[in-house]
file structure19.cif (mmCIF, C-alpha atoms and all ligand atoms; chains and numbers go by the auth columns)
data_structure
#
loop_
_atom_site.group_PDB
_atom_site.id
_atom_site.type_symbol
_atom_site.label_atom_id
_atom_site.label_comp_id
_atom_site.label_asym_id
_atom_site.label_seq_id
_atom_site.Cartn_x
_atom_site.Cartn_y
_atom_site.Cartn_z
_atom_site.B_iso_or_equiv
_atom_site.auth_seq_id
_atom_site.auth_asym_id
ATOM 1 C CA MET A 1 0.000 0.000 0.000 0.00 16 P
ATOM 2 C CA GLN A 2 1.289 3.454 -0.961 0.00 17 P
ATOM 3 C CA GLN A 3 1.083 6.106 1.705 0.00 18 P
ATOM 4 C CA GLU A 4 1.213 9.824 1.074 0.00 19 P
ATOM 5 C CA ARG A 5 2.489 12.315 3.622 0.00 20 P
ATOM 6 C CA LEU A 6 2.067 16.085 3.538 0.00 21 P
ATOM 7 C CA LEU A 7 4.857 17.883 5.373 0.00 22 P
ATOM 8 C CA LYS A 8 4.790 21.615 6.017 0.00 23 P
ATOM 9 C CA VAL A 9 8.314 22.993 6.140 0.00 24 P
ATOM 10 C CA LEU A 10 9.273 26.609 6.885 0.00 25 P
ATOM 11 C CA VAL A 11 12.179 28.466 5.320 0.00 26 P
ATOM 12 C CA ILE A 12 13.162 31.389 7.531 0.00 27 P
ATOM 13 C CA GLY A 13 16.030 33.844 7.945 0.00 28 P
ATOM 14 C CA ASP A 14 16.849 37.500 7.362 0.00 29 P
ATOM 15 C CA LEU A 15 16.199 39.604 4.261 0.00 30 P
ATOM 16 C CA GLY A 16 18.110 38.596 1.159 0.00 31 P
ATOM 17 C CA VAL A 17 19.906 35.566 2.600 0.00 32 P
ATOM 18 C CA GLY A 18 18.649 33.416 -0.276 0.00 33 P
ATOM 19 C CA LYS A 19 15.550 31.600 1.015 0.00 34 P
ATOM 20 C CA THR A 20 13.604 32.006 -2.201 0.00 35 P
ATOM 21 C CA SER A 21 16.699 31.099 -4.228 0.00 36 P
ATOM 22 C CA VAL A 22 17.269 27.912 -2.233 0.00 37 P
ATOM 23 C CA ILE A 23 13.664 26.869 -2.803 0.00 38 P
ATOM 24 C CA LYS A 24 13.755 27.719 -6.518 0.00 39 P
ATOM 25 C CA ARG A 25 16.955 25.736 -6.924 0.00 40 P
ATOM 26 C CA TYR A 26 15.531 22.765 -5.059 0.00 41 P
ATOM 27 C CA VAL A 27 12.131 22.720 -6.715 0.00 42 P
ATOM 28 C CA HIS A 28 12.751 24.122 -10.205 0.00 43 P
ATOM 29 C CA GLN A 29 16.533 23.750 -10.715 0.00 44 P
ATOM 30 C CA VAL A 30 16.909 27.447 -11.560 0.00 45 P
ATOM 31 C CA PHE A 31 18.839 30.411 -10.133 0.00 46 P
ATOM 32 C CA SER A 32 18.512 34.142 -10.751 0.00 47 P
ATOM 33 C CA GLN A 33 20.872 36.935 -9.637 0.00 48 P
ATOM 34 C CA HIS A 34 17.921 39.286 -9.614 0.00 49 P
ATOM 35 C CA TYR A 35 16.678 40.071 -6.100 0.00 50 P
ATOM 36 C CA GLN A 36 12.988 40.454 -5.602 0.00 51 P
ATOM 37 C CA ALA A 37 12.021 40.533 -1.935 0.00 52 P
ATOM 38 C CA THR A 38 9.276 38.141 -0.931 0.00 53 P
ATOM 39 C CA ILE A 39 6.193 39.853 0.432 0.00 54 P
ATOM 40 C CA GLY A 40 4.520 37.972 3.263 0.00 55 P
ATOM 41 C CA VAL A 41 4.811 34.339 2.310 0.00 56 P
ATOM 42 C CA ASP A 42 5.207 32.271 -0.836 0.00 57 P
ATOM 43 C CA PHE A 43 4.677 28.566 -1.414 0.00 58 P
ATOM 44 C CA ALA A 44 6.282 25.787 -3.357 0.00 59 P
ATOM 45 C CA LEU A 45 5.606 22.080 -3.529 0.00 60 P
ATOM 46 C CA LYS A 46 8.084 19.276 -4.084 0.00 61 P
ATOM 47 C CA VAL A 47 6.947 15.679 -4.410 0.00 62 P
ATOM 48 C CA LEU A 48 9.471 13.095 -3.212 0.00 63 P
ATOM 49 C CA LYS A 49 9.397 9.362 -3.695 0.00 64 P
ATOM 50 C CA TRP A 50 10.758 8.684 -0.246 0.00 65 P
ATOM 51 C CA ASP A 51 10.800 4.896 -0.150 0.00 66 P
ATOM 52 C CA HIS A 52 8.952 2.081 -1.882 0.00 67 P
ATOM 53 C CA LYS A 53 5.789 2.759 0.037 0.00 68 P
ATOM 54 C CA THR A 54 5.936 6.484 0.842 0.00 69 P
ATOM 55 C CA VAL A 55 5.376 9.577 -1.278 0.00 70 P
ATOM 56 C CA ILE A 56 6.087 12.876 0.466 0.00 71 P
ATOM 57 C CA ARG A 57 4.449 16.108 -0.550 0.00 72 P
ATOM 58 C CA LEU A 58 6.826 18.724 0.808 0.00 73 P
ATOM 59 C CA GLN A 59 5.037 22.033 1.199 0.00 74 P
ATOM 60 C CA LEU A 60 7.674 24.757 1.477 0.00 75 P
ATOM 61 C CA TRP A 61 6.651 28.017 3.141 0.00 76 P
ATOM 62 C CA ASP A 62 8.966 30.783 1.982 0.00 77 P
ATOM 63 C CA ILE A 63 8.619 33.420 4.684 0.00 78 P
ATOM 64 C CA ALA A 64 9.751 36.958 3.846 0.00 79 P
ATOM 65 C CA GLY A 65 12.732 38.143 5.870 0.00 80 P
ATOM 66 C CA GLN A 66 10.766 41.302 6.581 0.00 81 P
ATOM 67 C CA GLU A 67 8.354 39.240 8.638 0.00 82 P
ATOM 68 C CA ARG A 68 10.725 39.149 11.576 0.00 83 P
ATOM 69 C CA TYR A 69 9.403 42.597 12.351 0.00 84 P
ATOM 70 C CA GLY A 70 5.774 41.659 11.706 0.00 85 P
ATOM 71 C CA ASN A 71 3.148 39.827 13.659 0.00 86 P
ATOM 72 C CA MET A 72 2.301 37.113 11.194 0.00 87 P
ATOM 73 C CA THR A 73 4.873 34.438 11.932 0.00 88 P
ATOM 74 C CA ARG A 74 2.671 32.750 14.528 0.00 89 P
ATOM 75 C CA VAL A 75 0.070 32.222 11.824 0.00 90 P
ATOM 76 C CA TYR A 76 2.588 31.087 9.218 0.00 91 P
ATOM 77 C CA TYR A 77 4.342 28.660 11.568 0.00 92 P
ATOM 78 C CA ARG A 78 1.179 26.811 12.616 0.00 93 P
ATOM 79 C CA GLU A 79 1.376 23.030 12.028 0.00 94 P
ATOM 80 C CA ALA A 80 4.863 23.158 10.579 0.00 95 P
ATOM 81 C CA VAL A 81 6.892 19.992 11.169 0.00 96 P
ATOM 82 C CA GLY A 82 10.355 21.293 10.248 0.00 97 P
ATOM 83 C CA ALA A 83 12.362 24.349 9.242 0.00 98 P
ATOM 84 C CA LEU A 84 15.401 25.543 7.368 0.00 99 P
ATOM 85 C CA VAL A 85 17.032 28.531 9.053 0.00 100 P
ATOM 86 C CA VAL A 86 19.141 30.371 6.485 0.00 101 P
ATOM 87 C CA PHE A 87 21.850 33.017 6.820 0.00 102 P
ATOM 88 C CA ASP A 88 24.192 34.669 4.322 0.00 103 P
ATOM 89 C CA MET A 89 27.842 33.708 4.880 0.00 104 P
ATOM 90 C CA THR A 90 28.959 37.117 3.662 0.00 105 P
ATOM 91 C CA ARG A 91 26.877 39.152 6.139 0.00 106 P
ATOM 92 C CA LEU A 92 27.503 38.767 9.868 0.00 107 P
ATOM 93 C CA SER A 93 24.235 40.469 10.835 0.00 108 P
ATOM 94 C CA THR A 94 22.282 37.668 9.171 0.00 109 P
ATOM 95 C CA PHE A 95 24.187 35.097 11.235 0.00 110 P
ATOM 96 C CA GLN A 96 23.469 37.066 14.388 0.00 111 P
ATOM 97 C CA ALA A 97 19.787 36.911 13.475 0.00 112 P
ATOM 98 C CA VAL A 98 19.800 33.099 13.314 0.00 113 P
ATOM 99 C CA LEU A 99 19.120 32.672 17.017 0.00 114 P
ATOM 100 C CA ARG A 100 16.322 35.194 16.909 0.00 115 P
ATOM 101 C CA TRP A 101 14.661 33.215 14.105 0.00 116 P
ATOM 102 C CA LYS A 102 15.217 29.931 15.936 0.00 117 P
ATOM 103 C CA GLY A 103 13.820 31.436 19.148 0.00 118 P
ATOM 104 C CA ASP A 104 10.804 32.796 17.292 0.00 119 P
ATOM 105 C CA LEU A 105 10.235 29.357 15.772 0.00 120 P
ATOM 106 C CA ASP A 106 10.528 27.422 19.035 0.00 121 P
ATOM 107 C CA SER A 107 8.291 29.841 20.906 0.00 122 P
ATOM 108 C CA LYS A 108 5.489 29.564 18.363 0.00 123 P
ATOM 109 C CA VAL A 109 5.396 25.964 17.162 0.00 124 P
ATOM 110 C CA ALA A 110 6.263 22.538 18.593 0.00 125 P
ATOM 111 C CA LEU A 111 5.656 18.890 17.824 0.00 126 P
ATOM 112 C CA GLY A 112 2.736 17.036 19.355 0.00 127 P
ATOM 113 C CA ASN A 113 5.009 15.721 22.107 0.00 128 P
ATOM 114 C CA GLY A 114 6.136 19.253 22.953 0.00 129 P
ATOM 115 C CA ARG A 115 9.587 18.837 21.398 0.00 130 P
ATOM 116 C CA PRO A 116 10.917 21.542 19.063 0.00 131 P
ATOM 117 C CA VAL A 117 10.408 20.925 15.349 0.00 132 P
ATOM 118 C CA PRO A 118 13.574 19.707 13.587 0.00 133 P
ATOM 119 C CA ALA A 119 15.560 22.591 12.101 0.00 134 P
ATOM 120 C CA VAL A 120 18.583 22.589 9.792 0.00 135 P
ATOM 121 C CA LEU A 121 20.972 25.551 9.604 0.00 136 P
ATOM 122 C CA LEU A 122 22.074 26.770 6.163 0.00 137 P
ATOM 123 C CA ALA A 123 25.165 28.953 5.684 0.00 138 P
ATOM 124 C CA ASN A 124 24.175 30.105 2.204 0.00 139 P
ATOM 125 C CA LYS A 125 26.175 31.833 -0.566 0.00 140 P
ATOM 126 C CA CYS A 126 29.206 29.647 0.132 0.00 141 P
ATOM 127 C CA ASP A 127 30.255 30.320 -3.492 0.00 142 P
ATOM 128 C CA GLN A 128 31.254 33.757 -2.131 0.00 143 P
ATOM 129 C CA ARG A 129 33.301 32.435 0.753 0.00 144 P
ATOM 130 C CA GLY A 130 36.198 34.619 -0.384 0.00 145 P
ATOM 131 C CA GLN A 131 34.348 37.621 0.972 0.00 146 P
ATOM 132 C CA GLY A 132 35.708 37.744 4.474 0.00 147 P
ATOM 133 C CA LEU A 133 33.258 36.743 7.126 0.00 148 P
ATOM 134 C CA CYS A 134 33.933 33.005 7.150 0.00 149 P
ATOM 135 C CA SER A 135 36.951 33.192 9.413 0.00 150 P
ATOM 136 C CA LYS A 136 34.835 35.145 11.907 0.00 151 P
ATOM 137 C CA LEU A 137 32.137 32.503 12.110 0.00 152 P
ATOM 138 C CA PRO A 138 32.152 30.304 15.196 0.00 153 P
ATOM 139 C CA LYS A 139 32.574 26.617 14.543 0.00 154 P
ATOM 140 C CA LEU A 140 29.183 25.843 13.091 0.00 155 P
ATOM 141 C CA GLU A 141 29.344 22.231 14.233 0.00 156 P
ATOM 142 C CA ASN A 142 29.327 23.307 17.883 0.00 157 P
ATOM 143 C CA PHE A 143 27.013 26.223 17.284 0.00 158 P
ATOM 144 C CA SER A 144 24.383 24.068 15.634 0.00 159 P
ATOM 145 C CA LYS A 145 24.551 21.397 18.352 0.00 160 P
ATOM 146 C CA ASP A 146 24.420 23.951 21.159 0.00 161 P
ATOM 147 C CA HIS A 147 21.343 25.584 19.703 0.00 162 P
ATOM 148 C CA GLY A 148 19.380 22.468 18.880 0.00 163 P
ATOM 149 C CA PHE A 149 19.757 22.233 15.111 0.00 164 P
ATOM 150 C CA VAL A 150 19.663 18.709 13.701 0.00 165 P
ATOM 151 C CA GLY A 151 22.383 19.615 11.209 0.00 166 P
ATOM 152 C CA TRP A 152 24.087 22.398 9.261 0.00 167 P
ATOM 153 C CA TYR A 153 25.344 22.833 5.702 0.00 168 P
ATOM 154 C CA GLU A 154 27.294 25.365 3.722 0.00 169 P
ATOM 155 C CA THR A 155 25.053 25.861 0.708 0.00 170 P
ATOM 156 C CA SER A 156 24.976 27.728 -2.567 0.00 171 P
ATOM 157 C CA ALA A 157 21.739 28.189 -4.458 0.00 172 P
ATOM 158 C CA LYS A 158 23.869 29.624 -7.249 0.00 173 P
ATOM 159 C CA ASP A 159 26.171 26.617 -7.656 0.00 174 P
ATOM 160 C CA ASN A 160 23.681 24.049 -6.352 0.00 175 P
ATOM 161 C CA THR A 161 25.874 23.034 -3.429 0.00 176 P
ATOM 162 C CA ASN A 162 24.360 20.938 -0.618 0.00 177 P
ATOM 163 C CA ILE A 163 20.778 22.058 -1.202 0.00 178 P
ATOM 164 C CA ASP A 164 19.534 18.503 -1.747 0.00 179 P
ATOM 165 C CA ALA A 165 21.641 17.242 1.149 0.00 180 P
ATOM 166 C CA ALA A 166 20.198 19.813 3.535 0.00 181 P
ATOM 167 C CA MET A 167 16.612 19.098 2.511 0.00 182 P
ATOM 168 C CA THR A 168 17.161 15.357 2.756 0.00 183 P
ATOM 169 C CA ARG A 169 18.638 15.748 6.237 0.00 184 P
ATOM 170 C CA LEU A 170 15.599 17.732 7.318 0.00 185 P
ATOM 171 C CA VAL A 171 13.081 15.279 5.880 0.00 186 P
ATOM 172 C CA GLU A 172 14.937 12.349 7.482 0.00 187 P
ATOM 173 C CA SER A 173 14.690 14.070 10.853 0.00 188 P
ATOM 174 C CA ILE A 174 11.009 14.786 10.375 0.00 189 P
ATOM 175 C CA MET A 175 10.266 11.214 9.326 0.00 190 P
ATOM 176 C CA ALA A 176 12.277 9.846 12.265 0.00 191 P
ATOM 177 C CA VAL A 177 10.042 11.696 14.703 0.00 192 P
ATOM 178 C CA GLU A 178 6.970 9.659 13.853 0.00 193 P
HETATM 179 P P1 LIG B . 13.586 37.938 1.213 0.00 201 P
HETATM 180 O O1 LIG B . 12.497 37.375 0.358 0.00 201 P
HETATM 181 O O2 LIG B . 13.677 39.435 1.119 0.00 201 P
HETATM 182 O O3 LIG B . 13.475 37.516 2.646 0.00 201 P
HETATM 183 O O4 LIG B . 15.001 37.381 0.652 0.00 201 P
HETATM 184 P P2 LIG B . 15.424 35.873 0.333 0.00 201 P
HETATM 185 O O5 LIG B . 16.023 35.281 1.550 0.00 201 P
HETATM 186 O O6 LIG B . 14.301 35.142 -0.282 0.00 201 P
HETATM 187 O O7 LIG B . 16.623 36.058 -0.722 0.00 201 P
HETATM 188 P P3 LIG B . 16.623 35.752 -2.281 0.00 201 P
HETATM 189 O O8 LIG B . 16.513 34.299 -2.534 0.00 201 P
HETATM 190 O O9 LIG B . 15.644 36.627 -2.953 0.00 201 P
HETATM 191 O O10 LIG B . 18.129 36.151 -2.675 0.00 201 P
HETATM 192 C C1 LIG B . 18.641 37.454 -2.433 0.00 201 P
HETATM 193 C C2 LIG B . 19.797 37.726 -3.373 0.00 201 P
HETATM 194 O O11 LIG B . 20.874 36.847 -3.104 0.00 201 P
HETATM 195 C C3 LIG B . 19.442 37.527 -4.856 0.00 201 P
HETATM 196 O O12 LIG B . 20.087 38.525 -5.620 0.00 201 P
HETATM 197 C C4 LIG B . 20.028 36.155 -5.178 0.00 201 P
HETATM 198 O O13 LIG B . 20.430 36.038 -6.527 0.00 201 P
HETATM 199 C C5 LIG B . 21.252 36.118 -4.250 0.00 201 P
HETATM 200 N N1 LIG B . 21.604 34.744 -3.852 0.00 201 P
HETATM 201 C C6 LIG B . 20.791 33.822 -3.280 0.00 201 P
HETATM 202 N N2 LIG B . 21.444 32.681 -3.040 0.00 201 P
HETATM 203 C C7 LIG B . 22.708 32.863 -3.476 0.00 201 P
HETATM 204 C C8 LIG B . 23.879 32.037 -3.499 0.00 201 P
HETATM 205 O O14 LIG B . 23.904 30.869 -3.068 0.00 201 P
HETATM 206 N N3 LIG B . 25.024 32.600 -4.014 0.00 201 P
HETATM 207 C C9 LIG B . 25.048 33.869 -4.493 0.00 201 P
HETATM 208 N N4 LIG B . 26.210 34.320 -4.989 0.00 201 P
HETATM 209 N N5 LIG B . 23.972 34.674 -4.484 0.00 201 P
HETATM 210 C C10 LIG B . 22.814 34.175 -3.988 0.00 201 P
HETATM 211 MG MG MG B . 12.380 35.653 -0.683 0.00 202 P
#

call {"tool": "encode", "arguments": {"input": "structure19.cif", "output": "structure tokens"}}
result
Amino acid sequence: MQQERLLKVLVIGDLGVGKTSVIKRYVHQVFSQHYQATIGVDFALKVLKWDHKTVIRLQLWDIAGQERYGNMTRVYYREAVGALVVFDMTRLSTFQAVLRWKGDLDSKVALGNGRPVPAVLLANKCDQRGQGLCSKLPKLENFSKDHGFVGWYETSAKDNTNIDAAMTRLVESIMAVE
């Protein structure tokens, strides 16, 4: 018997870190240099043949970075079962915002058993690692463990680096919960 699962996954992080680009790369295999800020929230769907008996419909909620200052995240986060928290490796302020996004997430949504929803940390734009900041980053391995992420990846939506790996890690964690 085939089973179908619908998973609501959030993609959060500061303005311009590449959330929409990561989703477009993952779902449509495209990348654009052109920046158009997301307004409110956008949606994308990816269907995964997970194993011989499971099809996953991954509903990706692309939350505008601007929403950190708004009041809508509680509504957007409802019933989510996982999240990608994204920052831009070339901008320290976006890394500093990671814990605010994670805190916002954990304060507004949890699993049925009260545990936090699995979250994966993405250090995006790693194709631009030449641009300074990287040496100033704390060891992300420790950082991600200390703050309850189930994993972290250096990603590039531009070069298609580790996007699939990060999504797979997240879905594995979500599926392991149940
Ligand atoms: P908001 O919707 O405002 O919250 O931004 P966002 O997080 O959705 O960012 P978006 O995906 O729109 O990307 C912002 C800019 O960064 C765009 O100009 C993208 O082309 C660029 N960008 C995104 N990902 C990458 C990447 O991996 N490498 C490089 N070099 N540029 C990227
Ligand atoms: Mg966007």

call {"tool": "resolve_selection", "arguments": {"input": "structure19.cif", "expression": "the PyMOL selection byres (((not hetatm)) within 7 of (chain P and resi 201))", "output": "PyMOL selection string"}}
result
chain P and resi 28-37+46-54+78-81+139-143+170-174

call {"tool": "closest_residue", "arguments": {"input": "structure19.cif", "among": "P:Ala112, P:Val192, P:Val90, P:Leu99", "to": "Ala134 (chain P)", "atoms": "all atoms listed in the file"}}
result
P:Leu99

call {"tool": "resolve_selection", "arguments": {"input": "structure19.cif", "expression": "the PyMOL selection byres (((chain P and resi 114-128) around 12) and not hetatm)", "output": "ChimeraX atom specification"}}
result
/P:23-30,78-102,108-113,129-136,158-159,161-164,189,192-193

call {"tool": "closest_residue", "arguments": {"input": "structure19.cif", "among": "P:His67, P:Lys154, P:Lys61, P:Lys39", "to": "ligand MG 202 (chain P)", "atoms": "only C-alpha atoms and all ligand atoms"}}
result
P:Lys39

call {"tool": "closest_residue", "arguments": {"input": "structure19.cif", "among": "P:Asp77, P:Ala59, P:Tyr41, P:Asp66", "to": "ligand MG 202 (chain P)", "atoms": "all atoms listed in the file"}}
result
P:Asp77

call {"tool": "closest_residue", "arguments": {"input": "structure19.cif", "among": "P:Glu169, P:Glu187, P:Asp179, P:Asp57", "to": "ligand MG 202 (chain P)", "atoms": "only C-alpha atoms and all ligand atoms"}}
result
P:Asp57

call {"tool": "atom_distance", "arguments": {"input": "structure19.cif", "atom1": "CA of Val62 (chain P)", "atom2": "CA of Ala180 (chain P)"}}
result
15.8 Å

call {"tool": "closest_residue", "arguments": {"input": "structure19.cif", "among": "P:Ile178, P:Leu185, P:Leu75, P:Val56", "to": "ligand MG 202 (chain P)", "atoms": "only C-alpha atoms and all ligand atoms"}}
result
P:Val56

call {"tool": "decode", "arguments": {"input": "structure19.cif", "residues": "region 158-185 of chain P", "atoms": "N, CA and C atoms", "output": "PDB file, in the first residue's frame"}}
result
ATOM      1  N   PHE P 158      28.125  25.271  17.228  1.00  0.00           N
ATOM      2  CA  PHE P 158      27.013  26.223  17.284  1.00  0.00           C
ATOM      3  C   PHE P 158      25.685  25.513  17.028  1.00  0.00           C
ATOM      4  N   SER P 159      25.653  24.681  16.005  1.00  0.00           N
ATOM      5  CA  SER P 159      24.383  24.068  15.634  1.00  0.00           C
ATOM      6  C   SER P 159      23.939  23.049  16.688  1.00  0.00           C
ATOM      7  N   LYS P 160      24.894  22.327  17.261  1.00  0.00           N
ATOM      8  CA  LYS P 160      24.551  21.397  18.352  1.00  0.00           C
ATOM      9  C   LYS P 160      24.027  22.155  19.568  1.00  0.00           C
ATOM     10  N   ASP P 161      24.778  23.201  19.945  1.00  0.00           N
ATOM     11  CA  ASP P 161      24.420  23.951  21.159  1.00  0.00           C
ATOM     12  C   ASP P 161      23.023  24.551  21.061  1.00  0.00           C
ATOM     13  N   HIS P 162      22.620  24.882  19.846  1.00  0.00           N
ATOM     14  CA  HIS P 162      21.343  25.584  19.703  1.00  0.00           C
ATOM     15  C   HIS P 162      20.246  24.706  19.121  1.00  0.00           C
ATOM     16  N   GLY P 163      20.478  23.398  19.160  1.00  0.00           N
ATOM     17  CA  GLY P 163      19.380  22.468  18.880  1.00  0.00           C
ATOM     18  C   GLY P 163      19.050  22.250  17.413  1.00  0.00           C
ATOM     19  N   PHE P 164      19.992  22.576  16.513  1.00  0.00           N
ATOM     20  CA  PHE P 164      19.757  22.233  15.111  1.00  0.00           C
ATOM     21  C   PHE P 164      20.089  20.751  14.897  1.00  0.00           C
ATOM     22  N   VAL P 165      19.373  20.123  13.972  1.00  0.00           N
ATOM     23  CA  VAL P 165      19.663  18.709  13.701  1.00  0.00           C
ATOM     24  C   VAL P 165      20.812  18.560  12.706  1.00  0.00           C
ATOM     25  N   GLY P 166      21.251  19.652  12.124  1.00  0.00           N
ATOM     26  CA  GLY P 166      22.383  19.615  11.209  1.00  0.00           C
ATOM     27  C   GLY P 166      22.638  20.984  10.616  1.00  0.00           C
ATOM     28  N   TRP P 167      23.775  21.128   9.925  1.00  0.00           N
ATOM     29  CA  TRP P 167      24.087  22.398   9.261  1.00  0.00           C
ATOM     30  C   TRP P 167      24.817  22.101   7.965  1.00  0.00           C
ATOM     31  N   TYR P 168      24.684  22.996   7.002  1.00  0.00           N
ATOM     32  CA  TYR P 168      25.344  22.833   5.702  1.00  0.00           C
ATOM     33  C   TYR P 168      25.779  24.186   5.179  1.00  0.00           C
ATOM     34  N   GLU P 169      26.931  24.223   4.544  1.00  0.00           N
ATOM     35  CA  GLU P 169      27.294  25.365   3.722  1.00  0.00           C
ATOM     36  C   GLU P 169      26.627  25.120   2.371  1.00  0.00           C
ATOM     37  N   THR P 170      25.815  26.064   1.937  1.00  0.00           N
ATOM     38  CA  THR P 170      25.053  25.861   0.708  1.00  0.00           C
ATOM     39  C   THR P 170      25.306  26.986  -0.288  1.00  0.00           C
ATOM     40  N   SER P 171      25.042  26.697  -1.537  1.00  0.00           N
ATOM     41  CA  SER P 171      24.976  27.728  -2.567  1.00  0.00           C
ATOM     42  C   SER P 171      23.799  27.412  -3.478  1.00  0.00           C
ATOM     43  N   ALA P 172      22.842  28.337  -3.508  1.00  0.00           N
ATOM     44  CA  ALA P 172      21.739  28.189  -4.458  1.00  0.00           C
ATOM     45  C   ALA P 172      22.270  28.443  -5.861  1.00  0.00           C
ATOM     46  N   LYS P 173      23.287  29.291  -5.947  1.00  0.00           N
ATOM     47  CA  LYS P 173      23.869  29.624  -7.249  1.00  0.00           C
ATOM     48  C   LYS P 173      24.537  28.400  -7.882  1.00  0.00           C
ATOM     49  N   ASP P 174      25.412  27.753  -7.116  1.00  0.00           N
ATOM     50  CA  ASP P 174      26.171  26.617  -7.656  1.00  0.00           C
ATOM     51  C   ASP P 174      25.510  25.268  -7.379  1.00  0.00           C
ATOM     52  N   ASN P 175      24.376  25.287  -6.726  1.00  0.00           N
ATOM     53  CA  ASN P 175      23.681  24.049  -6.352  1.00  0.00           C
ATOM     54  C   ASN P 175      24.547  23.166  -5.449  1.00  0.00           C
ATOM     55  N   THR P 176      25.059  23.770  -4.396  1.00  0.00           N
ATOM     56  CA  THR P 176      25.874  23.034  -3.429  1.00  0.00           C
ATOM     57  C   THR P 176      25.050  22.698  -2.186  1.00  0.00           C
ATOM     58  N   ASN P 177      24.942  21.426  -1.889  1.00  0.00           N
ATOM     59  CA  ASN P 177      24.360  20.938  -0.618  1.00  0.00           C
ATOM     60  C   ASN P 177      22.892  21.261  -0.388  1.00  0.00           C
ATOM     61  N   ILE P 178      22.200  21.739  -1.402  1.00  0.00           N
ATOM     62  CA  ILE P 178      20.778  22.058  -1.202  1.00  0.00           C
ATOM     63  C   ILE P 178      19.991  20.748  -1.003  1.00  0.00           C
ATOM     64  N   ASP P 179      20.219  19.793  -1.883  1.00  0.00           N
ATOM     65  CA  ASP P 179      19.534  18.503  -1.747  1.00  0.00           C
ATOM     66  C   ASP P 179      19.907  17.824  -0.428  1.00  0.00           C
ATOM     67  N   ALA P 180      21.174  17.895  -0.083  1.00  0.00           N
ATOM     68  CA  ALA P 180      21.641  17.242   1.149  1.00  0.00           C
ATOM     69  C   ALA P 180      20.952  17.837   2.368  1.00  0.00           C
ATOM     70  N   ALA P 181      20.827  19.154   2.385  1.00  0.00           N
ATOM     71  CA  ALA P 181      20.198  19.813   3.535  1.00  0.00           C
ATOM     72  C   ALA P 181      18.718  19.445   3.637  1.00  0.00           C
ATOM     73  N   MET P 182      18.040  19.446   2.504  1.00  0.00           N
ATOM     74  CA  MET P 182      16.612  19.098   2.511  1.00  0.00           C
ATOM     75  C   MET P 182      16.424  17.639   2.931  1.00  0.00           C
ATOM     76  N   THR P 183      17.273  16.778   2.412  1.00  0.00           N
ATOM     77  CA  THR P 183      17.161  15.357   2.756  1.00  0.00           C
ATOM     78  C   THR P 183      17.374  15.147   4.249  1.00  0.00           C
ATOM     79  N   ARG P 184      18.367  15.846   4.794  1.00  0.00           N
ATOM     80  CA  ARG P 184      18.638  15.748   6.237  1.00  0.00           C
ATOM     81  C   ARG P 184      17.411  16.157   7.037  1.00  0.00           C
ATOM     82  N   LEU P 185      16.775  17.240   6.607  1.00  0.00           N
ATOM     83  CA  LEU P 185      15.599  17.732   7.318  1.00  0.00           C
ATOM     84  C   LEU P 185      14.452  16.721   7.233  1.00  0.00           C
TER      85      LEU P 185
END
